[in-house]
Amino acid sequence: MIDGEFVDSVWTDVQVGDVLKICNRENIPADVVLVASHEPDIDAPRGACHVETMQLDGETNLKGKMVPSVFSNALGASLELQLANFAKLPGHVEVEAPNASTNTFNGMLHVQGYPPAPLSITNVLLRGSTLRNTDYVLGLVVNTGRDTKVMQGARKPPSKESSIYHSIQLMMVGIVILLIILCLAASAGTESAYSAIGLDSHWYLQDGTSNNFFLNTLYFFTLLSSFVSVTLNASIALVQKVIAQFMQWSLDMYDQDSDTAATVRTASLVDELGIITHVFSDKTGTLTQNVMQFRKASINGVSYGRGTTEIGLARLKRLGELPTDEVEALEAGLVCKAGAGKELVNFDDPALDEILRKPLQVGLPSTQEACCREFFLHLALCHTVVTEIFEGKTTLSASSPDEAALVSAAQHFGFEFVDRHHDTVTVRDTTQGERLLRYDVLDVLEFTSARRRMSVIVRNCDTRAISLLCKGADSVMLPLLAPDQDELKLRTEQHMIDHSNDGLRTLVITSKELNEETYLAWSREYRRATSDILELERNAREEPNKIDQLCNELETRLKLLGSTALEDKLQVGVPACIADLVRGGIATWVLTGDKEETAINIAFACQLLDAETDLLVISRRNHSTLESMRAALQNGCQTHPNKEGARKGLVVDGDALELLMKTGTEQAGAQLAFLHYTQQCAAVVACRCAPTQKAELVKLVRRNVRGAATLSIGDGANDVAMIQAAHVGVGISGQEGMQAVNAADFAIAQFRFLRELLLVHGRNNYRRLSVLVYYIFYKNVMMVLSVYWFNTYNAFSGSKWNLEVGYQLYNALFTLFPILWIAMTDRDVSDENSRVLPQLYQLGIRRHYFNAWAATRWVLQGIYESLAVSFVCIYGLLKMSNNGEDPDLYLIGAATLTLAVIIPNVKLALWQWQTNWWSAAFIALELLLWYICLLVSTGIGVTTDVTAFIRSFVLGWYGLWENVQALSAFWLLLLLVPAGTLLPQLFYSVFMRRFYPEFRDLAMECEVHKLDNKVLREWELPPSSRQHRLPQDAPPPPAPPW
């Protein structure tokens, strides 16, 4: 607004203090405090709007925003009235310092004649969001540009590099050290030659620099500089980009339902996917669908809801508690079909419907009918759901799938949430006819990860009674109950355990009646605390603060109404995926906030644990002290599973982790015992985990387990810390937005695609990149050393016998294409066998393809081949000229450089696993290019302006190739030298595959000869293969008795 009128403007012109009019479906250009909104009904103003925050957090559901009550009461309903009244209001706004938290906002609105009003995130429209379902809004700009929350959060993710890249840096250091040693030795050789042979007396060598040690060292450093290939980084980057594109094109990682393909956000980590030792997975939305359905409930100590779930069925089958015919019936879906057509409610129990439809018995407020009504009325009131009208349809917009399911359950049982108008909630009660219930929402005590509960304080508009409605996790809610409810508490706890055994997510539902005086006294203190910017900032940082203290004071002596049980079904293919990861030697950890029973049963349903797993449970209930936890873990290390071949498993809860993860000498010993035991475990389940504890567990393994390569996978904002703490982060584009995907290195649509990502693409990528790196180092060592050995015959004069253009194009052309093709496409076994034989992945965990011995072997081969090429050519071509004399310098150089091109290209045929026409064609192309280069370079004889520059690169080679081809000894060397250098390597490879085969070699043999691989599929990795080294100062783990 400029001079009382709205003008179109670009976002760069917006300043703090401006008043903006934002229309429907327009992007918000700055962080603005909501002043007014379009009112469809002038007689009943709502002061509300909706925004889409997909660009902020990826969530597609619309979020409701409210005009502060000061503005809604003072401004009016029409645009003209709103503008006129706003211009008359004197006041100012205090806001928090710029920060990146898009879920919180702390501020204070001061308007003359009104008490100070706190501002929260529900009163603010953030830059990057889009106005929806509202004709217009008026907003007061409080942050622009870099001060907006979205820009404050636009930081670079933590820098990650693959282990291969880190090893390359070490190899570079080693190669440079070797280069310096060779240069110093050559300079010393020059000094020795000058004095021993008497070269000082030769007048043509008296240039003043020939015997300068320092200058000779620099000269040899320049001569041998190709030791470090200039094409290394470029080749690796190119291959990684191409591989990343192949991964994104993979139909095996494409989800047709959501039309989502895999995304590679960090191409430099594609090879790291082949060496993962630990997978840390969230549960909700990662292993499960995060589409909640209301399945069961416990009300006043009575359990409602029949049937079982997929997870519950897996548990019953594991325990053998169901007859075969009943198992088949359950698997066929013949149980618990009532309500299945409803998206968010899948409930089957006519008894509850009958109770709710009974006439309420007057004078008996504690009857089951009254308790059931109070229970579902609680679900209809205790939430932050808002209604939205879009394209003529009224829908519910919830901040989480849990709230949507609970509100839908209330509607299903006759208590329909109708609308939220300012601070008034309307509920339609259809259990006894139809009537509207109205409640004023006095306060909302919001859910946080620290509180793990939420409350609303409501006033019945008819009776004026004030109630506190609270729901949350049982671990924090049960200690807050009023006394004299022990029997009801025990029954409810048993029902929650039964529901958890079915893999259902439980919430405790409570209430409390408040008298007017108590509430008003508390409210004054609460308003004062929420008006303090310092307390608001402490609350946002989850530090001790007055706001949480007041919430805790009110949320005591609660009345237990019951509990809810929501089903979050497993994603398709999760059990098979996890089973294959475990068979491949990958330790799989599930980190969840669910209670212990739910986490354990889901782990069994996922095949993370099985009936033969020797399970150790560490919690504060059975191990109250740190010493008892450490003793249990140490004893677990010394015992062997009950059954031969059985695996070990560990379940640990958040309270125990809180004690374990503290710093101190005693905690360090317990952490080492914890790590020792997890080394023997095929699976670890951590329940009741906070987001920070998830990240701490990942860091604990990453920092202390040597050789560990960690991968974290999650779908929500609470998984971001865990994803960024791991070597590789994988985000799932699910129901909880795109924050996890935006923070991850790779993104997939379903957890089951992790098998394809690791066992197929990751395994191949690691092997391919390993060969690429070693090959580039090897061929440069061989080519450069062949020149170096020649200098032992010319008094270390630094002379070159190679064609300069060949020297320059050796890496860029003559040895480039075959290795690039192999690094992009080579496979040892088919993708199908990679899936059915996950044990193949173990080679990556063992760093079989990229390790110190492999690097040494490649370098030694390069040295051996350079010696063979140099000395065989020097001595093999003696007296072989047409006139019986020794060949000249460039003739021997042509022979050695030809062999230096042929041997590395032919060598690739030994190192590629899949021979095909394309690789053979690229090798033939390289040899053809070299032959053409020889013909062209030796045919340039006319000195023109164009050829003068070219001749500087081929000086001394004019007419040379004809003389080289005329030597029969040269053609014999082309056969004998490659055979003499490569056949021993071939014999060694055949010997190892014949007498000491790897699992991969057996799989390849079965595939080539079309043999049955049943024995290979049934083979299990030994438990010792899962163990990795811990820090040197750690006590050695006790050896398992078996």
# chains A, B, ... in the order shown; residues from 1 in each chain; ligands from 1
>>> residues_around(residues="Ile713 (chain A)", least_positions_apart="2", cutoff="6 Å", atoms="only C-alpha atoms", output="list in words")
Ser281, Val730 and Gly731 of chain A
>>> closest_atom_pairs(of="region 736-842 of chain A", to="region 254-258 of chain A", cutoff="12 Å", atoms="only C-alpha atoms", output="Markdown table")
| residue | atom | partner | partner_atom | distance |
| --- | --- | --- | --- | --- |
| A:Ala747 | CA | A:Tyr254 | CA | 11.1 |
| A:Ile748 | CA | A:Tyr254 | CA | 8.1 |
| A:Ala749 | CA | A:Asp255 | CA | 6.2 |
| A:Gln750 | CA | A:Asp255 | CA | 7.3 |
| A:Phe751 | CA | A:Asp255 | CA | 10.8 |
| A:Arg752 | CA | A:Asp255 | CA | 10.3 |
| A:Phe753 | CA | A:Tyr254 | CA | 8.3 |
| A:Leu754 | CA | A:Tyr254 | CA | 11.7 |
| A:Glu756 | CA | A:Tyr254 | CA | 10.7 |
| A:Leu757 | CA | A:Tyr254 | CA | 11.4 |
>>> residues_around(residues="Lys358 (chain A)", least_positions_apart="3", cutoff="8 Å", atoms="only C-alpha atoms", output="list of chain:residue names")
A:Glu354, A:Ile355, A:Glu369, A:Gln432
>>> closest_residue(among="A:Leu982, A:Leu581, A:Met629, A:Ala529", to="Leu908 (chain A)", atoms="only C-alpha atoms")
A:Leu982
>>> select_by_dssp(residues="region 392-617 of chain A", states="strand (DSSP E)", output="number ranges by chain")
A: 393-397, 415-421, 424-429, 435-445, 453-460, 466-472, 505-514, 559-570, 587-591, 614-617
>>> residues_around(residues="Phe6 (chain A)", least_positions_apart="3", cutoff="12 Å", atoms="only C-alpha atoms", output="MDAnalysis selection string")
chainID A and resid 1:3 9 18:22 79 83 138
>>> write_last_selection(atoms="C-alpha atoms", output="JSON list (two decimals), in the first residue's frame")
[["chain", "number", "residue", "atom", "x", "y", "z"],
["A", 1, "MET", "CA", 0.00, 0.00, 0.00],
["A", 2, "ILE", "CA", 1.36, 3.42, -1.04],
["A", 3, "ASP", "CA", -0.46, 6.61, -0.05],
["A", 9, "SER", "CA", 4.99, -4.34, -7.02],
["A", 18, "ASP", "CA", 4.48, -2.31, 4.39],
["A", 19, "VAL", "CA", 0.88, -3.43, 4.21],
["A", 20, "LEU", "CA", 0.31, -6.02, 1.48],
["A", 21, "LYS", "CA", -2.83, -7.26, -0.19],
["A", 22, "ILE", "CA", -2.27, -10.83, -1.31],
["A", 79, "LEU", "CA", -12.10, -4.47, 2.61],
["A", 83, "LEU", "CA", -8.40, -0.48, 5.59],
["A", 138, "LEU", "CA", -4.05, -8.08, 4.30]]
>>> select_by_dssp(residues="region 248-278 of chain A", states="helix (DSSP H, G or I)", output="PyMOL selection string")
chain A and resi 248-249+251-253+267-269+272-274
>>> residues_around(residues="region 788-800 of chain A", least_positions_apart="4", cutoff="8 Å", atoms="only C-alpha atoms", output="mmCIF file with all heavy atoms, in the first residue's frame")
data_model
loop_
_atom_site.group_PDB
_atom_site.id
_atom_site.type_symbol
_atom_site.label_atom_id
_atom_site.label_comp_id
_atom_site.auth_asym_id
_atom_site.auth_seq_id
_atom_site.Cartn_x
_atom_site.Cartn_y
_atom_site.Cartn_z
ATOM 1 N N ALA A 186 66.763 -39.210 -9.450
ATOM 2 C CA ALA A 186 67.230 -38.880 -10.800
ATOM 3 C C ALA A 186 68.238 -37.732 -10.776
ATOM 4 O O ALA A 186 69.256 -37.761 -11.491
ATOM 5 C CB ALA A 186 66.028 -38.521 -11.681
ATOM 6 N N SER A 187 67.964 -36.707 -9.939
ATOM 7 C CA SER A 187 68.913 -35.589 -9.840
ATOM 8 C C SER A 187 70.235 -36.057 -9.259
ATOM 9 O O SER A 187 71.312 -35.633 -9.710
ATOM 10 C CB SER A 187 68.309 -34.476 -8.967
ATOM 11 O OG SER A 187 67.163 -33.937 -9.565
ATOM 12 N N GLY A 189 71.346 -39.053 -9.574
ATOM 13 C CA GLY A 189 71.965 -39.817 -10.656
ATOM 14 C C GLY A 189 72.641 -38.922 -11.667
ATOM 15 O O GLY A 189 73.707 -39.273 -12.215
ATOM 16 N N THR A 190 72.051 -37.777 -11.952
ATOM 17 C CA THR A 190 72.674 -36.823 -12.875
ATOM 18 C C THR A 190 74.007 -36.330 -12.328
ATOM 19 O O THR A 190 75.027 -36.280 -13.048
ATOM 20 C CB THR A 190 71.730 -35.630 -13.106
ATOM 21 O OG1 THR A 190 70.492 -36.109 -13.613
ATOM 22 C CG2 THR A 190 72.340 -34.650 -14.095
ATOM 23 N N ALA A 193 76.472 -39.145 -12.586
ATOM 24 C CA ALA A 193 76.913 -39.398 -13.961
ATOM 25 C C ALA A 193 77.912 -38.346 -14.429
ATOM 26 O O ALA A 193 78.902 -38.659 -15.117
ATOM 27 C CB ALA A 193 75.703 -39.448 -14.887
ATOM 28 N N TYR A 194 77.650 -37.100 -14.058
ATOM 29 C CA TYR A 194 78.566 -36.032 -14.488
ATOM 30 C C TYR A 194 79.971 -36.235 -13.930
ATOM 31 O O TYR A 194 80.970 -36.014 -14.607
ATOM 32 C CB TYR A 194 78.019 -34.671 -14.044
ATOM 33 C CG TYR A 194 77.185 -33.982 -15.087
ATOM 34 C CD1 TYR A 194 75.919 -34.450 -15.411
ATOM 35 C CD2 TYR A 194 77.692 -32.886 -15.772
ATOM 36 C CE1 TYR A 194 75.160 -33.827 -16.375
ATOM 37 C CE2 TYR A 194 76.939 -32.250 -16.757
ATOM 38 C CZ TYR A 194 75.665 -32.730 -17.047
ATOM 39 O OH TYR A 194 74.925 -32.120 -18.016
ATOM 40 N N TYR A 219 63.068 -30.205 -13.107
ATOM 41 C CA TYR A 219 62.881 -30.694 -14.472
ATOM 42 C C TYR A 219 62.265 -32.091 -14.462
ATOM 43 O O TYR A 219 61.320 -32.374 -15.209
ATOM 44 C CB TYR A 219 64.216 -30.711 -15.210
ATOM 45 C CG TYR A 219 64.107 -31.293 -16.599
ATOM 46 C CD1 TYR A 219 63.569 -30.533 -17.642
ATOM 47 C CD2 TYR A 219 64.505 -32.599 -16.870
ATOM 48 C CE1 TYR A 219 63.430 -31.068 -18.913
ATOM 49 C CE2 TYR A 219 64.378 -33.143 -18.135
ATOM 50 C CZ TYR A 219 63.835 -32.369 -19.160
ATOM 51 O OH TYR A 219 63.704 -32.903 -20.403
ATOM 52 N N PHE A 220 62.808 -32.971 -13.622
ATOM 53 C CA PHE A 220 62.239 -34.321 -13.560
ATOM 54 C C PHE A 220 60.822 -34.308 -12.983
ATOM 55 O O PHE A 220 59.998 -35.136 -13.350
ATOM 56 C CB PHE A 220 63.148 -35.229 -12.717
ATOM 57 C CG PHE A 220 64.266 -35.830 -13.509
ATOM 58 C CD1 PHE A 220 65.552 -35.302 -13.449
ATOM 59 C CD2 PHE A 220 64.037 -36.928 -14.335
ATOM 60 C CE1 PHE A 220 66.577 -35.852 -14.183
ATOM 61 C CE2 PHE A 220 65.069 -37.483 -15.070
ATOM 62 C CZ PHE A 220 66.347 -36.942 -15.001
ATOM 63 N N LEU A 223 58.857 -33.571 -15.916
ATOM 64 C CA LEU A 223 58.873 -34.700 -16.840
ATOM 65 C C LEU A 223 57.948 -35.822 -16.377
ATOM 66 O O LEU A 223 57.253 -36.451 -17.194
ATOM 67 C CB LEU A 223 60.298 -35.224 -16.983
ATOM 68 C CG LEU A 223 60.494 -36.434 -17.904
ATOM 69 C CD1 LEU A 223 60.237 -36.048 -19.354
ATOM 70 C CD2 LEU A 223 61.895 -37.010 -17.734
ATOM 71 N N LEU A 224 57.917 -36.077 -15.062
ATOM 72 C CA LEU A 224 57.155 -37.195 -14.522
ATOM 73 C C LEU A 224 55.809 -36.761 -13.931
ATOM 74 O O LEU A 224 55.180 -37.520 -13.195
ATOM 75 C CB LEU A 224 57.961 -37.909 -13.433
ATOM 76 C CG LEU A 224 59.373 -38.379 -13.825
ATOM 77 C CD1 LEU A 224 60.060 -39.026 -12.638
ATOM 78 C CD2 LEU A 224 59.306 -39.338 -15.000
ATOM 79 N N VAL A 784 54.662 -43.495 -17.229
ATOM 80 C CA VAL A 784 55.685 -42.559 -16.770
ATOM 81 C C VAL A 784 56.965 -43.298 -16.381
ATOM 82 O O VAL A 784 58.079 -42.848 -16.700
ATOM 83 C CB VAL A 784 55.140 -41.737 -15.587
ATOM 84 C CG1 VAL A 784 56.252 -40.903 -14.958
ATOM 85 C CG2 VAL A 784 54.008 -40.834 -16.057
ATOM 86 N N LEU A 867 58.742 -51.921 -16.318
ATOM 87 C CA LEU A 867 60.080 -52.537 -16.451
ATOM 88 C C LEU A 867 60.138 -53.445 -17.668
ATOM 89 O O LEU A 867 61.122 -53.431 -18.430
ATOM 90 C CB LEU A 867 60.406 -53.321 -15.177
ATOM 91 C CG LEU A 867 60.732 -52.499 -13.925
ATOM 92 C CD1 LEU A 867 60.763 -53.401 -12.694
ATOM 93 C CD2 LEU A 867 62.069 -51.784 -14.101
ATOM 94 N N SER A 870 60.076 -51.306 -20.957
ATOM 95 C CA SER A 870 61.308 -50.544 -21.201
ATOM 96 C C SER A 870 62.480 -51.452 -21.560
ATOM 97 O O SER A 870 63.114 -51.300 -22.618
ATOM 98 C CB SER A 870 61.658 -49.710 -19.958
ATOM 99 O OG SER A 870 60.641 -48.783 -19.686
ATOM 100 N N GLY A 893 61.368 -45.581 -28.699
ATOM 101 C CA GLY A 893 60.262 -44.868 -28.057
ATOM 102 C C GLY A 893 58.929 -45.203 -28.688
ATOM 103 O O GLY A 893 57.908 -45.332 -27.994
#
>>> residues_around(residues="region 460-475 of chain A", least_positions_apart="4", cutoff="9 Å", atoms="only C-alpha atoms", output="JSON, numbers by chain")
{"A": [378, 381, 382, 424, 437, 438, 439, 440, 442, 445, 447, 451, 452, 453, 454, 455, 456, 479, 493, 496, 506, 507, 508, 509, 510, 511, 512, 513, 514, 515, 516, 519, 554, 555, 558, 563, 594, 595, 688]}
>>> closest_residue(among="A:Ser235, A:Thr367, A:Ser408, A:Ser167", to="Pro818 (chain A)", atoms="only C-alpha atoms")
A:Ser235
>>> atom_distance(atom1="CA of Trp821 (chain A)", atom2="CA of Gln169 (chain A)")
24.2 Å
>>> atom_distance(atom1="CA of Lys694 (chain A)", atom2="CA of Asp653 (chain A)")
11.4 Å
>>> closest_residue(among="A:Arg846, A:Arg583, A:His727, A:Arg647", to="Leu1021 (chain A)", atoms="only C-alpha atoms")
A:Arg583
>>> residues_around(residues="Ala84 (chain A)", least_positions_apart="5", cutoff="10 Å", atoms="only C-alpha atoms", output="PyMOL selection string")
chain A and resi 4+75-76+79+89
>>> write_last_selection(atoms="N, CA and C atoms", output="mmCIF file, in the first residue's frame")
data_model
loop_
_atom_site.group_PDB
_atom_site.id
_atom_site.type_symbol
_atom_site.label_atom_id
_atom_site.label_comp_id
_atom_site.auth_asym_id
_atom_site.auth_seq_id
_atom_site.Cartn_x
_atom_site.Cartn_y
_atom_site.Cartn_z
ATOM 1 N N GLY A 4 -2.184 5.110 0.702
ATOM 2 C CA GLY A 4 -3.566 4.680 0.875
ATOM 3 C C GLY A 4 -4.120 3.859 -0.261
ATOM 4 N N LEU A 75 -11.334 -4.383 13.149
ATOM 5 C CA LEU A 75 -11.248 -3.923 11.767
ATOM 6 C C LEU A 75 -12.548 -4.057 10.979
ATOM 7 N N GLY A 76 -13.339 -5.089 11.229
ATOM 8 C CA GLY A 76 -14.553 -5.260 10.459
ATOM 9 C C GLY A 76 -14.418 -6.325 9.406
ATOM 10 N N LEU A 79 -13.430 -4.969 2.878
ATOM 11 C CA LEU A 79 -12.096 -4.475 2.614
ATOM 12 C C LEU A 79 -11.988 -2.990 2.935
ATOM 13 N N LEU A 89 -5.653 2.662 13.812
ATOM 14 C CA LEU A 89 -5.156 1.932 14.979
ATOM 15 C C LEU A 89 -3.698 2.287 15.251
#
>>> closest_residue(among="A:Arg1029, A:Lys648, A:Lys283, A:His166", to="Ala708 (chain A)", atoms="only C-alpha atoms")
A:Arg1029
>>> decode(residues="region 952-982 of chain A", atoms="N, CA and C atoms", output="PDB file, in the first residue's frame")
ATOM      1  N   SER A 952      55.969 -29.497 -33.876  1.00  0.00           N
ATOM      2  CA  SER A 952      56.626 -29.352 -32.583  1.00  0.00           C
ATOM      3  C   SER A 952      56.244 -30.475 -31.634  1.00  0.00           C
ATOM      4  N   PHE A 953      55.097 -31.129 -31.884  1.00  0.00           N
ATOM      5  CA  PHE A 953      54.673 -32.241 -31.029  1.00  0.00           C
ATOM      6  C   PHE A 953      55.146 -33.586 -31.574  1.00  0.00           C
ATOM      7  N   VAL A 954      55.544 -33.630 -32.840  1.00  0.00           N
ATOM      8  CA  VAL A 954      55.950 -34.903 -33.445  1.00  0.00           C
ATOM      9  C   VAL A 954      57.376 -34.814 -33.996  1.00  0.00           C
ATOM     10  N   LEU A 955      58.147 -33.913 -33.393  1.00  0.00           N
ATOM     11  CA  LEU A 955      59.507 -33.681 -33.872  1.00  0.00           C
ATOM     12  C   LEU A 955      60.336 -34.961 -33.799  1.00  0.00           C
ATOM     13  N   GLY A 956      60.993 -35.294 -34.895  1.00  0.00           N
ATOM     14  CA  GLY A 956      61.848 -36.464 -34.947  1.00  0.00           C
ATOM     15  C   GLY A 956      61.132 -37.733 -35.368  1.00  0.00           C
ATOM     16  N   TRP A 957      59.815 -37.649 -35.645  1.00  0.00           N
ATOM     17  CA  TRP A 957      59.069 -38.845 -35.994  1.00  0.00           C
ATOM     18  C   TRP A 957      58.733 -38.894 -37.490  1.00  0.00           C
ATOM     19  N   TYR A 958      59.226 -37.961 -38.262  1.00  0.00           N
ATOM     20  CA  TYR A 958      58.880 -37.966 -39.674  1.00  0.00           C
ATOM     21  C   TYR A 958      59.438 -39.224 -40.344  1.00  0.00           C
ATOM     22  N   GLY A 959      58.563 -40.005 -40.987  1.00  0.00           N
ATOM     23  CA  GLY A 959      58.947 -41.231 -41.667  1.00  0.00           C
ATOM     24  C   GLY A 959      59.321 -42.365 -40.740  1.00  0.00           C
ATOM     25  N   LEU A 960      59.098 -42.206 -39.431  1.00  0.00           N
ATOM     26  CA  LEU A 960      59.550 -43.216 -38.469  1.00  0.00           C
ATOM     27  C   LEU A 960      58.706 -44.479 -38.515  1.00  0.00           C
ATOM     28  N   TRP A 961      57.410 -44.345 -38.670  1.00  0.00           N
ATOM     29  CA  TRP A 961      56.530 -45.488 -38.545  1.00  0.00           C
ATOM     30  C   TRP A 961      56.788 -46.541 -39.612  1.00  0.00           C
ATOM     31  N   GLU A 962      57.216 -46.100 -40.790  1.00  0.00           N
ATOM     32  CA  GLU A 962      57.541 -47.067 -41.838  1.00  0.00           C
ATOM     33  C   GLU A 962      58.718 -47.938 -41.410  1.00  0.00           C
ATOM     34  N   ASN A 963      59.702 -47.350 -40.767  1.00  0.00           N
ATOM     35  CA  ASN A 963      60.856 -48.118 -40.292  1.00  0.00           C
ATOM     36  C   ASN A 963      60.455 -49.062 -39.161  1.00  0.00           C
ATOM     37  N   VAL A 964      59.555 -48.606 -38.263  1.00  0.00           N
ATOM     38  CA  VAL A 964      59.117 -49.446 -37.150  1.00  0.00           C
ATOM     39  C   VAL A 964      58.365 -50.664 -37.675  1.00  0.00           C
ATOM     40  N   GLN A 965      57.467 -50.442 -38.616  1.00  0.00           N
ATOM     41  CA  GLN A 965      56.672 -51.550 -39.143  1.00  0.00           C
ATOM     42  C   GLN A 965      57.544 -52.546 -39.898  1.00  0.00           C
ATOM     43  N   ALA A 966      58.666 -52.080 -40.403  1.00  0.00           N
ATOM     44  CA  ALA A 966      59.533 -52.969 -41.178  1.00  0.00           C
ATOM     45  C   ALA A 966      60.299 -53.940 -40.300  1.00  0.00           C
ATOM     46  N   LEU A 967      60.321 -53.698 -38.976  1.00  0.00           N
ATOM     47  CA  LEU A 967      61.064 -54.564 -38.063  1.00  0.00           C
ATOM     48  C   LEU A 967      60.193 -55.741 -37.646  1.00  0.00           C
ATOM     49  N   SER A 968      60.585 -56.936 -37.974  1.00  0.00           N
ATOM     50  CA  SER A 968      59.830 -58.123 -37.539  1.00  0.00           C
ATOM     51  C   SER A 968      59.902 -58.287 -36.031  1.00  0.00           C
ATOM     52  N   ALA A 969      61.016 -57.847 -35.439  1.00  0.00           N
ATOM     53  CA  ALA A 969      61.147 -57.953 -33.984  1.00  0.00           C
ATOM     54  C   ALA A 969      60.095 -57.117 -33.266  1.00  0.00           C
ATOM     55  N   PHE A 970      59.724 -55.978 -33.878  1.00  0.00           N
ATOM     56  CA  PHE A 970      58.713 -55.129 -33.258  1.00  0.00           C
ATOM     57  C   PHE A 970      57.391 -55.874 -33.156  1.00  0.00           C
ATOM     58  N   TRP A 971      56.992 -56.556 -34.226  1.00  0.00           N
ATOM     59  CA  TRP A 971      55.712 -57.277 -34.197  1.00  0.00           C
ATOM     60  C   TRP A 971      55.771 -58.464 -33.236  1.00  0.00           C
ATOM     61  N   LEU A 972      56.942 -59.061 -33.114  1.00  0.00           N
ATOM     62  CA  LEU A 972      57.077 -60.147 -32.155  1.00  0.00           C
ATOM     63  C   LEU A 972      56.924 -59.627 -30.722  1.00  0.00           C
ATOM     64  N   LEU A 973      57.502 -58.438 -30.478  1.00  0.00           N
ATOM     65  CA  LEU A 973      57.371 -57.846 -29.145  1.00  0.00           C
ATOM     66  C   LEU A 973      55.919 -57.505 -28.815  1.00  0.00           C
ATOM     67  N   LEU A 974      55.158 -57.115 -29.842  1.00  0.00           N
ATOM     68  CA  LEU A 974      53.739 -56.802 -29.605  1.00  0.00           C
ATOM     69  C   LEU A 974      52.970 -58.027 -29.138  1.00  0.00           C
ATOM     70  N   LEU A 975      53.492 -59.213 -29.421  1.00  0.00           N
ATOM     71  CA  LEU A 975      52.847 -60.436 -28.940  1.00  0.00           C
ATOM     72  C   LEU A 975      53.429 -60.893 -27.615  1.00  0.00           C
ATOM     73  N   LEU A 976      54.756 -60.863 -27.496  1.00  0.00           N
ATOM     74  CA  LEU A 976      55.398 -61.451 -26.330  1.00  0.00           C
ATOM     75  C   LEU A 976      55.275 -60.581 -25.073  1.00  0.00           C
ATOM     76  N   VAL A 977      55.432 -59.269 -25.207  1.00  0.00           N
ATOM     77  CA  VAL A 977      55.413 -58.412 -24.013  1.00  0.00           C
ATOM     78  C   VAL A 977      54.035 -58.392 -23.351  1.00  0.00           C
ATOM     79  N   PRO A 978      52.942 -58.158 -24.088  1.00  0.00           N
ATOM     80  CA  PRO A 978      51.633 -58.240 -23.420  1.00  0.00           C
ATOM     81  C   PRO A 978      51.370 -59.614 -22.810  1.00  0.00           C
ATOM     82  N   ALA A 979      51.784 -60.666 -23.549  1.00  0.00           N
ATOM     83  CA  ALA A 979      51.576 -62.012 -23.002  1.00  0.00           C
ATOM     84  C   ALA A 979      52.399 -62.227 -21.742  1.00  0.00           C
ATOM     85  N   GLY A 980      53.649 -61.772 -21.759  1.00  0.00           N
ATOM     86  CA  GLY A 980      54.509 -61.978 -20.597  1.00  0.00           C
ATOM     87  C   GLY A 980      54.077 -61.170 -19.387  1.00  0.00           C
ATOM     88  N   THR A 981      53.448 -60.037 -19.602  1.00  0.00           N
ATOM     89  CA  THR A 981      53.026 -59.201 -18.470  1.00  0.00           C
ATOM     90  C   THR A 981      51.631 -59.553 -17.972  1.00  0.00           C
ATOM     91  N   LEU A 982      50.735 -59.941 -18.868  1.00  0.00           N
ATOM     92  CA  LEU A 982      49.334 -60.139 -18.476  1.00  0.00           C
ATOM     93  C   LEU A 982      48.989 -61.589 -18.157  1.00  0.00           C
TER      94      LEU A 982
END
